[in-house]
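**Student:** Sharing model.txt, compact mmCIF, N, CA and C atoms:
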# COMPACT_ATOMS: atom_id res chain seq x y z
N MET A 20 -37.92 20.46 -33.54
CA MET A 20 -37.51 19.13 -33.14
C MET A 20 -38.60 18.52 -32.26
N LYS A 21 -38.83 17.25 -32.45
CA LYS A 21 -39.85 16.56 -31.68
C LYS A 21 -39.38 16.39 -30.23
N PRO A 22 -40.31 16.35 -29.30
CA PRO A 22 -39.94 16.16 -27.88
C PRO A 22 -39.14 14.87 -27.64
N LYS A 23 -39.44 13.83 -28.39
CA LYS A 23 -38.70 12.57 -28.24
C LYS A 23 -37.23 12.77 -28.61
N ASN A 24 -36.97 13.48 -29.69
CA ASN A 24 -35.60 13.74 -30.12
C ASN A 24 -34.88 14.68 -29.14
N GLN A 25 -35.61 15.65 -28.59
CA GLN A 25 -35.01 16.56 -27.61
C GLN A 25 -34.54 15.79 -26.38
N ARG A 26 -35.36 14.86 -25.90
CA ARG A 26 -34.96 14.05 -24.73
C ARG A 26 -33.74 13.20 -25.06
N LEU A 27 -33.69 12.65 -26.25
CA LEU A 27 -32.56 11.82 -26.66
C LEU A 27 -31.27 12.65 -26.69
N VAL A 28 -31.35 13.85 -27.22
CA VAL A 28 -30.17 14.74 -27.27
C VAL A 28 -29.76 15.13 -25.85
N LEU A 29 -30.72 15.42 -24.99
CA LEU A 29 -30.43 15.80 -23.61
C LEU A 29 -29.76 14.65 -22.85
N VAL A 30 -30.24 13.43 -23.02
CA VAL A 30 -29.64 12.26 -22.36
C VAL A 30 -28.22 12.03 -22.88
N ALA A 31 -28.02 12.14 -24.18
CA ALA A 31 -26.69 11.96 -24.76
C ALA A 31 -25.72 13.02 -24.25
N ALA A 32 -26.18 14.27 -24.14
CA ALA A 32 -25.33 15.34 -23.62
C ALA A 32 -24.98 15.11 -22.15
N ALA A 33 -25.93 14.62 -21.36
CA ALA A 33 -25.68 14.33 -19.95
C ALA A 33 -24.67 13.21 -19.80
N ILE A 34 -24.79 12.16 -20.59
CA ILE A 34 -23.84 11.05 -20.54
C ILE A 34 -22.45 11.53 -20.94
N ALA A 35 -22.36 12.34 -21.97
CA ALA A 35 -21.06 12.87 -22.40
C ALA A 35 -20.45 13.76 -21.31
N ALA A 36 -21.25 14.57 -20.64
CA ALA A 36 -20.74 15.44 -19.57
C ALA A 36 -20.21 14.62 -18.39
N VAL A 37 -20.93 13.57 -18.02
CA VAL A 37 -20.47 12.71 -16.92
C VAL A 37 -19.17 12.01 -17.31
N LEU A 38 -19.07 11.53 -18.53
CA LEU A 38 -17.86 10.87 -19.01
C LEU A 38 -16.67 11.82 -18.98
N VAL A 39 -16.87 13.04 -19.43
CA VAL A 39 -15.79 14.04 -19.41
C VAL A 39 -15.38 14.35 -17.98
N ALA A 40 -16.34 14.46 -17.07
CA ALA A 40 -16.03 14.74 -15.66
C ALA A 40 -15.22 13.60 -15.05
N VAL A 41 -15.58 12.36 -15.32
CA VAL A 41 -14.85 11.21 -14.80
C VAL A 41 -13.43 11.18 -15.36
N LEU A 42 -13.27 11.41 -16.64
CA LEU A 42 -11.95 11.42 -17.24
C LEU A 42 -11.07 12.53 -16.68
N LEU A 43 -11.64 13.71 -16.46
CA LEU A 43 -10.88 14.81 -15.86
C LEU A 43 -10.46 14.49 -14.42
N ALA A 44 -11.35 13.87 -13.67
CA ALA A 44 -11.02 13.49 -12.30
C ALA A 44 -9.91 12.45 -12.28
N MET A 45 -9.99 11.46 -13.14
CA MET A 45 -8.96 10.43 -13.21
C MET A 45 -7.62 11.04 -13.62
N TRP A 46 -7.63 11.93 -14.57
CA TRP A 46 -6.40 12.58 -15.03
C TRP A 46 -5.79 13.42 -13.92
N GLY A 47 -6.61 14.13 -13.17
CA GLY A 47 -6.12 14.98 -12.10
C GLY A 47 -5.59 14.19 -10.91
N LEU A 48 -6.09 12.99 -10.68
CA LEU A 48 -5.68 12.19 -9.54
C LEU A 48 -4.65 11.12 -9.87
N ARG A 49 -4.20 11.05 -11.09
CA ARG A 49 -3.29 9.96 -11.47
C ARG A 49 -2.00 9.97 -10.68
N GLU A 50 -1.50 11.14 -10.30
CA GLU A 50 -0.27 11.24 -9.53
C GLU A 50 -0.52 10.95 -8.05
N ARG A 51 -1.74 11.06 -7.60
CA ARG A 51 -2.07 10.88 -6.19
C ARG A 51 -2.52 9.46 -5.87
N ALA A 52 -2.73 8.65 -6.89
CA ALA A 52 -3.19 7.28 -6.67
C ALA A 52 -2.08 6.48 -5.99
N SER A 53 -2.47 5.64 -5.06
CA SER A 53 -1.52 4.83 -4.31
C SER A 53 -1.91 3.37 -4.47
N TYR A 54 -1.06 2.59 -5.11
CA TYR A 54 -1.37 1.19 -5.38
C TYR A 54 -0.73 0.29 -4.33
N PHE A 55 -1.34 -0.85 -4.05
CA PHE A 55 -0.86 -1.80 -3.05
C PHE A 55 0.05 -2.82 -3.71
N TYR A 56 1.24 -2.99 -3.15
CA TYR A 56 2.20 -3.97 -3.64
C TYR A 56 2.69 -4.83 -2.49
N THR A 57 3.04 -6.06 -2.79
CA THR A 57 3.69 -6.94 -1.83
C THR A 57 5.19 -6.89 -2.09
N PRO A 58 6.02 -7.35 -1.14
CA PRO A 58 7.46 -7.36 -1.38
C PRO A 58 7.86 -8.17 -2.62
N ALA A 59 7.16 -9.26 -2.91
CA ALA A 59 7.48 -10.05 -4.11
C ALA A 59 7.23 -9.25 -5.38
N GLU A 60 6.18 -8.45 -5.40
CA GLU A 60 5.89 -7.62 -6.58
C GLU A 60 6.94 -6.52 -6.72
N ILE A 61 7.39 -5.98 -5.61
CA ILE A 61 8.44 -4.96 -5.67
C ILE A 61 9.74 -5.58 -6.16
N ALA A 62 10.07 -6.77 -5.67
CA ALA A 62 11.29 -7.46 -6.09
C ALA A 62 11.26 -7.80 -7.58
N SER A 63 10.07 -8.05 -8.12
CA SER A 63 9.96 -8.38 -9.54
C SER A 63 9.98 -7.13 -10.43
N GLY A 64 10.01 -5.94 -9.81
CA GLY A 64 10.13 -4.71 -10.59
C GLY A 64 8.82 -4.08 -11.01
N LYS A 65 7.71 -4.47 -10.40
CA LYS A 65 6.41 -3.91 -10.79
C LYS A 65 6.21 -2.48 -10.31
N ALA A 66 6.95 -2.07 -9.28
CA ALA A 66 6.82 -0.71 -8.75
C ALA A 66 8.01 0.13 -9.20
N ALA A 67 7.73 1.32 -9.68
CA ALA A 67 8.78 2.21 -10.15
C ALA A 67 9.28 3.10 -9.01
N ASP A 68 10.55 3.47 -9.06
CA ASP A 68 11.11 4.39 -8.07
C ASP A 68 10.37 5.71 -8.11
N GLY A 69 10.08 6.25 -6.92
CA GLY A 69 9.43 7.55 -6.81
C GLY A 69 7.93 7.53 -6.93
N GLN A 70 7.35 6.41 -7.30
CA GLN A 70 5.89 6.29 -7.47
C GLN A 70 5.24 6.11 -6.10
N ALA A 71 4.13 6.81 -5.85
CA ALA A 71 3.40 6.67 -4.59
C ALA A 71 2.71 5.32 -4.56
N ILE A 72 3.08 4.48 -3.58
CA ILE A 72 2.51 3.14 -3.47
C ILE A 72 2.28 2.79 -2.01
N ARG A 73 1.62 1.68 -1.80
CA ARG A 73 1.44 1.09 -0.48
C ARG A 73 2.13 -0.27 -0.49
N LEU A 74 2.90 -0.52 0.54
CA LEU A 74 3.59 -1.79 0.70
C LEU A 74 2.94 -2.53 1.85
N GLY A 75 2.52 -3.75 1.63
CA GLY A 75 1.87 -4.51 2.68
C GLY A 75 2.54 -5.84 2.90
N GLY A 76 2.57 -6.26 4.15
CA GLY A 76 3.15 -7.55 4.49
C GLY A 76 3.32 -7.68 5.98
N MET A 77 4.16 -8.61 6.37
CA MET A 77 4.44 -8.87 7.78
C MET A 77 5.78 -8.25 8.15
N VAL A 78 5.85 -7.64 9.33
CA VAL A 78 7.11 -7.10 9.82
C VAL A 78 7.94 -8.29 10.27
N GLU A 79 9.09 -8.47 9.64
CA GLU A 79 9.93 -9.63 9.92
C GLU A 79 10.50 -9.57 11.34
N ARG A 80 10.43 -10.71 12.02
CA ARG A 80 10.95 -10.79 13.39
C ARG A 80 12.45 -10.51 13.40
N GLY A 81 12.88 -9.71 14.37
CA GLY A 81 14.29 -9.38 14.53
C GLY A 81 14.81 -8.32 13.58
N SER A 82 13.92 -7.71 12.81
CA SER A 82 14.39 -6.75 11.81
C SER A 82 14.21 -5.29 12.22
N VAL A 83 13.46 -5.02 13.27
CA VAL A 83 13.19 -3.63 13.65
C VAL A 83 14.42 -3.03 14.33
N GLN A 84 14.91 -1.93 13.76
CA GLN A 84 16.07 -1.22 14.31
C GLN A 84 15.68 0.24 14.52
N ARG A 85 15.76 0.69 15.74
CA ARG A 85 15.47 2.10 16.04
C ARG A 85 16.78 2.86 16.02
N GLN A 86 16.82 3.95 15.28
CA GLN A 86 18.04 4.73 15.14
C GLN A 86 18.26 5.62 16.36
N SER A 87 19.46 6.14 16.51
CA SER A 87 19.82 6.93 17.69
C SER A 87 19.09 8.27 17.75
N ASP A 88 18.52 8.75 16.63
CA ASP A 88 17.79 10.02 16.68
C ASP A 88 16.44 9.89 17.37
N GLY A 89 15.99 8.66 17.64
CA GLY A 89 14.76 8.43 18.38
C GLY A 89 13.49 8.40 17.56
N VAL A 90 13.54 8.81 16.30
CA VAL A 90 12.32 8.82 15.49
C VAL A 90 12.44 8.01 14.20
N THR A 91 13.63 7.59 13.82
CA THR A 91 13.81 6.82 12.60
C THR A 91 13.81 5.33 12.93
N VAL A 92 12.99 4.58 12.19
CA VAL A 92 12.88 3.14 12.38
C VAL A 92 13.15 2.47 11.05
N ARG A 93 13.98 1.44 11.08
CA ARG A 93 14.25 0.62 9.89
C ARG A 93 13.77 -0.80 10.19
N PHE A 94 13.13 -1.43 9.20
CA PHE A 94 12.65 -2.80 9.38
C PHE A 94 12.45 -3.44 8.02
N LEU A 95 12.21 -4.73 8.03
CA LEU A 95 11.94 -5.47 6.80
C LEU A 95 10.49 -5.90 6.77
N VAL A 96 9.86 -5.78 5.61
CA VAL A 96 8.51 -6.27 5.38
C VAL A 96 8.64 -7.46 4.44
N THR A 97 7.97 -8.55 4.80
CA THR A 97 8.06 -9.76 3.99
C THR A 97 6.68 -10.31 3.68
N ASP A 98 6.61 -11.06 2.60
CA ASP A 98 5.37 -11.76 2.25
C ASP A 98 5.62 -13.26 2.15
N GLY A 99 6.77 -13.70 2.64
CA GLY A 99 7.13 -15.11 2.59
C GLY A 99 7.92 -15.48 1.36
N GLN A 100 7.90 -14.62 0.35
CA GLN A 100 8.64 -14.88 -0.88
C GLN A 100 9.80 -13.91 -1.05
N ALA A 101 9.63 -12.69 -0.58
CA ALA A 101 10.66 -11.66 -0.72
C ALA A 101 10.59 -10.71 0.47
N ARG A 102 11.61 -9.90 0.61
CA ARG A 102 11.65 -8.88 1.66
C ARG A 102 11.93 -7.53 1.05
N THR A 103 11.40 -6.51 1.70
CA THR A 103 11.66 -5.14 1.27
C THR A 103 12.09 -4.33 2.49
N PRO A 104 13.27 -3.69 2.44
CA PRO A 104 13.67 -2.84 3.56
C PRO A 104 12.83 -1.56 3.57
N VAL A 105 12.44 -1.14 4.78
CA VAL A 105 11.61 0.05 4.95
C VAL A 105 12.29 0.98 5.94
N VAL A 106 12.26 2.26 5.64
CA VAL A 106 12.73 3.27 6.59
C VAL A 106 11.57 4.25 6.82
N TYR A 107 11.33 4.54 8.10
CA TYR A 107 10.23 5.43 8.47
C TYR A 107 10.73 6.41 9.51
N ARG A 108 10.42 7.67 9.31
CA ARG A 108 10.80 8.71 10.27
C ARG A 108 9.53 9.26 10.89
N GLY A 109 9.32 8.93 12.17
CA GLY A 109 8.13 9.37 12.87
C GLY A 109 7.80 8.40 13.99
N ILE A 110 6.68 8.61 14.61
CA ILE A 110 6.23 7.76 15.71
C ILE A 110 5.38 6.65 15.10
N VAL A 111 5.77 5.41 15.37
CA VAL A 111 5.03 4.27 14.82
C VAL A 111 3.77 4.03 15.65
N PRO A 112 2.74 3.42 15.07
CA PRO A 112 1.51 3.14 15.82
C PRO A 112 1.78 2.19 16.99
N ASP A 113 0.92 2.23 17.99
CA ASP A 113 1.08 1.37 19.17
C ASP A 113 1.03 -0.11 18.80
N LEU A 114 0.26 -0.47 17.80
CA LEU A 114 0.12 -1.87 17.42
C LEU A 114 1.22 -2.37 16.49
N PHE A 115 2.15 -1.51 16.13
CA PHE A 115 3.27 -1.89 15.25
C PHE A 115 4.25 -2.73 16.06
N ARG A 116 4.52 -3.94 15.59
CA ARG A 116 5.49 -4.80 16.26
C ARG A 116 5.96 -5.86 15.29
N GLU A 117 7.06 -6.50 15.66
CA GLU A 117 7.60 -7.58 14.84
C GLU A 117 6.61 -8.74 14.81
N GLY A 118 6.49 -9.36 13.66
CA GLY A 118 5.61 -10.51 13.50
C GLY A 118 4.17 -10.16 13.24
N SER A 119 3.84 -8.89 13.10
CA SER A 119 2.46 -8.51 12.82
C SER A 119 2.37 -7.85 11.44
N GLY A 120 1.17 -7.74 10.96
CA GLY A 120 0.94 -7.15 9.65
C GLY A 120 1.03 -5.65 9.69
N ALA A 121 1.49 -5.07 8.60
CA ALA A 121 1.59 -3.62 8.49
C ALA A 121 1.45 -3.21 7.03
N VAL A 122 0.95 -2.02 6.85
CA VAL A 122 0.88 -1.41 5.52
C VAL A 122 1.61 -0.09 5.62
N ALA A 123 2.56 0.13 4.73
CA ALA A 123 3.33 1.37 4.71
C ALA A 123 2.98 2.14 3.44
N GLU A 124 2.71 3.42 3.59
CA GLU A 124 2.45 4.28 2.44
C GLU A 124 3.68 5.14 2.21
N GLY A 125 4.11 5.22 0.98
CA GLY A 125 5.30 6.02 0.67
C GLY A 125 5.75 5.77 -0.75
N ARG A 126 7.08 5.68 -0.94
CA ARG A 126 7.63 5.50 -2.28
C ARG A 126 8.92 4.69 -2.20
N LEU A 127 9.25 4.08 -3.29
CA LEU A 127 10.45 3.26 -3.40
C LEU A 127 11.60 4.14 -3.87
N GLU A 128 12.74 4.07 -3.17
CA GLU A 128 13.93 4.82 -3.57
C GLU A 128 15.13 3.89 -3.54
N LYS A 129 15.61 3.51 -4.72
CA LYS A 129 16.80 2.66 -4.87
C LYS A 129 16.71 1.38 -4.06
N GLY A 130 15.58 0.70 -4.11
CA GLY A 130 15.42 -0.57 -3.45
C GLY A 130 14.95 -0.50 -2.01
N THR A 131 14.92 0.68 -1.43
CA THR A 131 14.44 0.86 -0.06
C THR A 131 13.13 1.62 -0.10
N PHE A 132 12.16 1.14 0.68
CA PHE A 132 10.87 1.80 0.73
C PHE A 132 10.93 2.90 1.78
N VAL A 133 10.69 4.14 1.38
CA VAL A 133 10.67 5.28 2.30
C VAL A 133 9.21 5.55 2.63
N ALA A 134 8.85 5.25 3.88
CA ALA A 134 7.46 5.34 4.30
C ALA A 134 7.14 6.72 4.84
N ASP A 135 5.98 7.24 4.45
CA ASP A 135 5.44 8.48 5.01
C ASP A 135 4.47 8.17 6.14
N THR A 136 3.81 7.01 6.04
CA THR A 136 2.80 6.60 7.01
C THR A 136 2.92 5.09 7.23
N ILE A 137 2.74 4.67 8.48
CA ILE A 137 2.72 3.25 8.81
C ILE A 137 1.35 2.94 9.42
N LEU A 138 0.68 1.93 8.87
CA LEU A 138 -0.60 1.48 9.40
C LEU A 138 -0.42 0.06 9.92
N ALA A 139 -0.73 -0.15 11.20
CA ALA A 139 -0.60 -1.48 11.79
C ALA A 139 -1.97 -2.13 11.82
N LYS A 140 -1.98 -3.44 11.70
CA LYS A 140 -3.27 -4.13 11.74
C LYS A 140 -3.86 -4.02 13.13
N HIS A 141 -5.18 -4.01 13.21
CA HIS A 141 -5.85 -3.78 14.48
C HIS A 141 -6.63 -4.98 14.97
N ASP A 142 -6.74 -6.01 14.18
CA ASP A 142 -7.53 -7.17 14.57
C ASP A 142 -6.66 -8.41 14.43
N GLU A 143 -6.69 -9.29 15.39
CA GLU A 143 -5.86 -10.49 15.36
C GLU A 143 -6.19 -11.40 14.17
N ARG A 144 -7.40 -11.33 13.68
CA ARG A 144 -7.81 -12.22 12.59
C ARG A 144 -7.57 -11.63 11.21
N TYR A 145 -7.27 -10.34 11.10
CA TYR A 145 -7.15 -9.69 9.81
C TYR A 145 -5.80 -9.98 9.16
N THR A 146 -5.86 -10.34 7.89
CA THR A 146 -4.68 -10.46 7.06
C THR A 146 -5.07 -9.99 5.66
N PRO A 147 -4.24 -9.16 5.02
CA PRO A 147 -4.57 -8.75 3.66
C PRO A 147 -4.75 -9.97 2.76
N PRO A 148 -5.73 -9.97 1.87
CA PRO A 148 -5.99 -11.13 1.02
C PRO A 148 -4.78 -11.55 0.20
N GLU A 149 -3.93 -10.60 -0.16
CA GLU A 149 -2.76 -10.91 -0.97
C GLU A 149 -1.77 -11.80 -0.23
N LEU A 150 -1.83 -11.82 1.10
CA LEU A 150 -0.87 -12.58 1.89
C LEU A 150 -1.34 -13.98 2.22
N GLY A 151 -2.61 -14.29 2.00
CA GLY A 151 -3.12 -15.64 2.23
C GLY A 151 -2.93 -16.10 3.66
N ASN A 152 -2.34 -17.29 3.83
CA ASN A 152 -2.16 -17.89 5.15
C ASN A 152 -0.86 -17.49 5.81
N LEU A 153 -0.18 -16.52 5.29
CA LEU A 153 1.13 -16.13 5.81
C LEU A 153 1.06 -15.72 7.27
N ALA A 154 0.04 -14.98 7.67
CA ALA A 154 -0.06 -14.52 9.06
C ALA A 154 -0.22 -15.70 10.01
N ALA A 155 -1.03 -16.69 9.64
CA ALA A 155 -1.22 -17.85 10.50
C ALA A 155 0.08 -18.64 10.64
N GLU A 156 0.82 -18.79 9.55
CA GLU A 156 2.09 -19.48 9.60
C GLU A 156 3.08 -18.72 10.45
N HIS A 157 3.06 -17.41 10.33
CA HIS A 157 3.99 -16.56 11.08
C HIS A 157 3.71 -16.66 12.58
N LYS A 158 2.44 -16.66 12.97
CA LYS A 158 2.07 -16.78 14.37
C LYS A 158 2.42 -18.15 14.91
N ALA A 159 2.37 -19.18 14.08
CA ALA A 159 2.69 -20.52 14.51
C ALA A 159 4.19 -20.70 14.72
N GLY A 160 4.97 -19.67 14.39
CA GLY A 160 6.40 -19.71 14.64
C GLY A 160 7.23 -20.17 13.47
N LYS A 161 6.61 -20.40 12.34
CA LYS A 161 7.38 -20.79 11.16
C LYS A 161 8.18 -19.59 10.70
N THR A 162 9.40 -19.81 10.32
CA THR A 162 10.28 -18.71 9.93
C THR A 162 9.95 -18.24 8.52
N LEU A 163 10.14 -16.96 8.28
CA LEU A 163 9.90 -16.41 6.96
C LEU A 163 11.19 -16.14 6.22
N GLU A 164 12.30 -16.46 6.83
CA GLU A 164 13.59 -16.19 6.20
C GLU A 164 13.88 -17.24 5.16
N LYS A 165 14.62 -16.82 4.13
CA LYS A 165 15.00 -17.76 3.08
C LYS A 165 16.40 -18.23 3.31
Could you rewrite the structure in this file as structure tokens?
**Tutor:**
Amino acid sequence: MKPKNQRLVLVAAAIAAVLVAVLLAMWGLRERASYFYTPAEIASGKAADGQAIRLGGMVERGSVQRQSDGVTVRFLVTDGQARTPVVYRGIVPDLFREGSGAVAEGRLEKGTFVADTILAKHDERYTPPELGNLAAEHKAGKTLEK
């Protein structure tokens, strides 16, 4: 075989090996992938029960309820169009409060989001792109209730 053909076969084999490695990695991580959803997307049925997802939005004012066990917190996350009830068992971040942005990682169970992790926003100017001007409206005191 000519050296030119040998290089061509070697390059083709390398490309095929990389493609197989990427496909195997994607297949192995498909259950671990966590997609970002807003409450409106959850209300429309885009997220399946039991699927690992991230829920992002604003913590609705007046919705945070701390249970008597001291570690369970229930609250509503809204995007201005819909609300999703969230239950979290654990210590919430210091920056977690009503009227601020939060991202919850967990899964949906019968219409309630069961969070494993709560991430609170850390910068006054940050708002997830999916929420648009919702944070500014929320800070201005406009109500998010329907």
**Student:** One number please: atom C of Ala134 (chain A) to atom C of Thr91 (chain A), in Å, one decimal.
**Tutor:**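 Rounded to one decimal, the two atoms are 10.6 Å apart.
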**Student:** Report, in Å to a single decimal, how far apart CA of Tyr107 (chain A) and CA of Ser87 (chain A) are.
**Tutor:** 13.4 Å
**Student:** Identify, on the basis of only N, CA and C atoms, every residue whose closest approach to Thr131 (chain A) does not exceed 7 Å; exclude the query and any residue fewer than 5 positions from it along the same chain; express the result as a PDB file with N, CA and C atoms, keeping the file's coordinate frame.
**Tutor:**
ATOM      1  N   THR A 103      11.400  -6.510   1.700  1.00  0.00           N
ATOM      2  CA  THR A 103      11.660  -5.140   1.270  1.00  0.00           C
ATOM      3  C   THR A 103      12.090  -4.330   2.490  1.00  0.00           C
ATOM      4  N   PRO A 104      13.270  -3.690   2.440  1.00  0.00           N
ATOM      5  CA  PRO A 104      13.670  -2.840   3.560  1.00  0.00           C
ATOM      6  C   PRO A 104      12.830  -1.560   3.570  1.00  0.00           C
ATOM      7  N   VAL A 105      12.440  -1.140   4.780  1.00  0.00           N
ATOM      8  CA  VAL A 105      11.610   0.050   4.950  1.00  0.00           C
ATOM      9  C   VAL A 105      12.290   0.980   5.940  1.00  0.00           C
ATOM     10  N   VAL A 106      12.260   2.260   5.640  1.00  0.00           N
ATOM     11  CA  VAL A 106      12.730   3.270   6.590  1.00  0.00           C
ATOM     12  C   VAL A 106      11.570   4.250   6.820  1.00  0.00           C
ATOM     13  N   ARG A 126       7.080   5.680  -0.940  1.00  0.00           N
ATOM     14  CA  ARG A 126       7.630   5.500  -2.280  1.00  0.00           C
ATOM     15  C   ARG A 126       8.920   4.690  -2.200  1.00  0.00           C
TER      16      ARG A 126
END
**Student:** What's the separation between atom N of Glu79 (chain A) and CA of Phe94 (chain A), in Å to one decimal place?
**Tutor:**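 Answer for the atom N of Glu79 (chain A) to CA of Phe94 (chain A) separation: 6.7 Å.
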**Student:** So that I can check the secondary structure, give me every residue of region 31-154 of chain A assigned alpha helix (DSSP H) by backbone DSSP, as a list in words.
**Tutor:** Ala31, Ala32, Ala33, Ile34, Ala35, Ala36, Val37, Leu38, Val39, Ala40, Val41, Leu42, Leu43, Ala44, Met45, Trp46, Gly47, Leu48, Pro58, Ala59, Glu60, Ile61, Ala62, Leu153 and Ala154 of chain A
**Student:** Can you work out which one of A:Thr57, A:Gln25, A:Ser63, A:Ser82 has the shortest atom-to-atom distance to Val122 (chain A), counting only C-alpha atoms?
**Tutor:**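 Between A:Thr57, A:Gln25, A:Ser63, A:Ser82, the residue approaching Val122 (chain A) most closely is A:Thr57.
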**Student:** Anything within 12 Å of (5.3, 1.2, 13.2): list those residues as an NGL selection string, counting only C-alpha atoms and sticking to the file's coordinates.
**Tutor:** :A and (77-78 or 83-85 or 90-96 or 105-124 or 134-140)
**Student:** Pick out the closest residue to Gly130 (chain A) from this set: A:Trp46, A:Asp68, A:Pro58, A:Ala101. Count only N, CA and C atoms.
**Tutor:**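 For Gly130 (chain A), the nearest of the candidates is A:Asp68.
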**Student:** From region 34-151 of chain A, collect each residue whose DSSP state is strand (DSSP E) and return the set as number ranges by chain.
**Tutor:** A: 54-56, 71-78, 84-85, 91-97, 102-108, 120-128, 131-139
**Student:** Enclose the full set of atoms of region 79-94 of chain A listed in the file within a box whose edges lie along x, y and z, apply 3 Å of padding to each of the six sides, and report centre and edge lengths in Å to one decimal as lines of an AutoDock Vina configuration file.
**Tutor:**
center_x = 14.5
center_y = -0.4
center_z = 13.2
size_x = 16.7
size_y = 26.8
size_z = 16.4
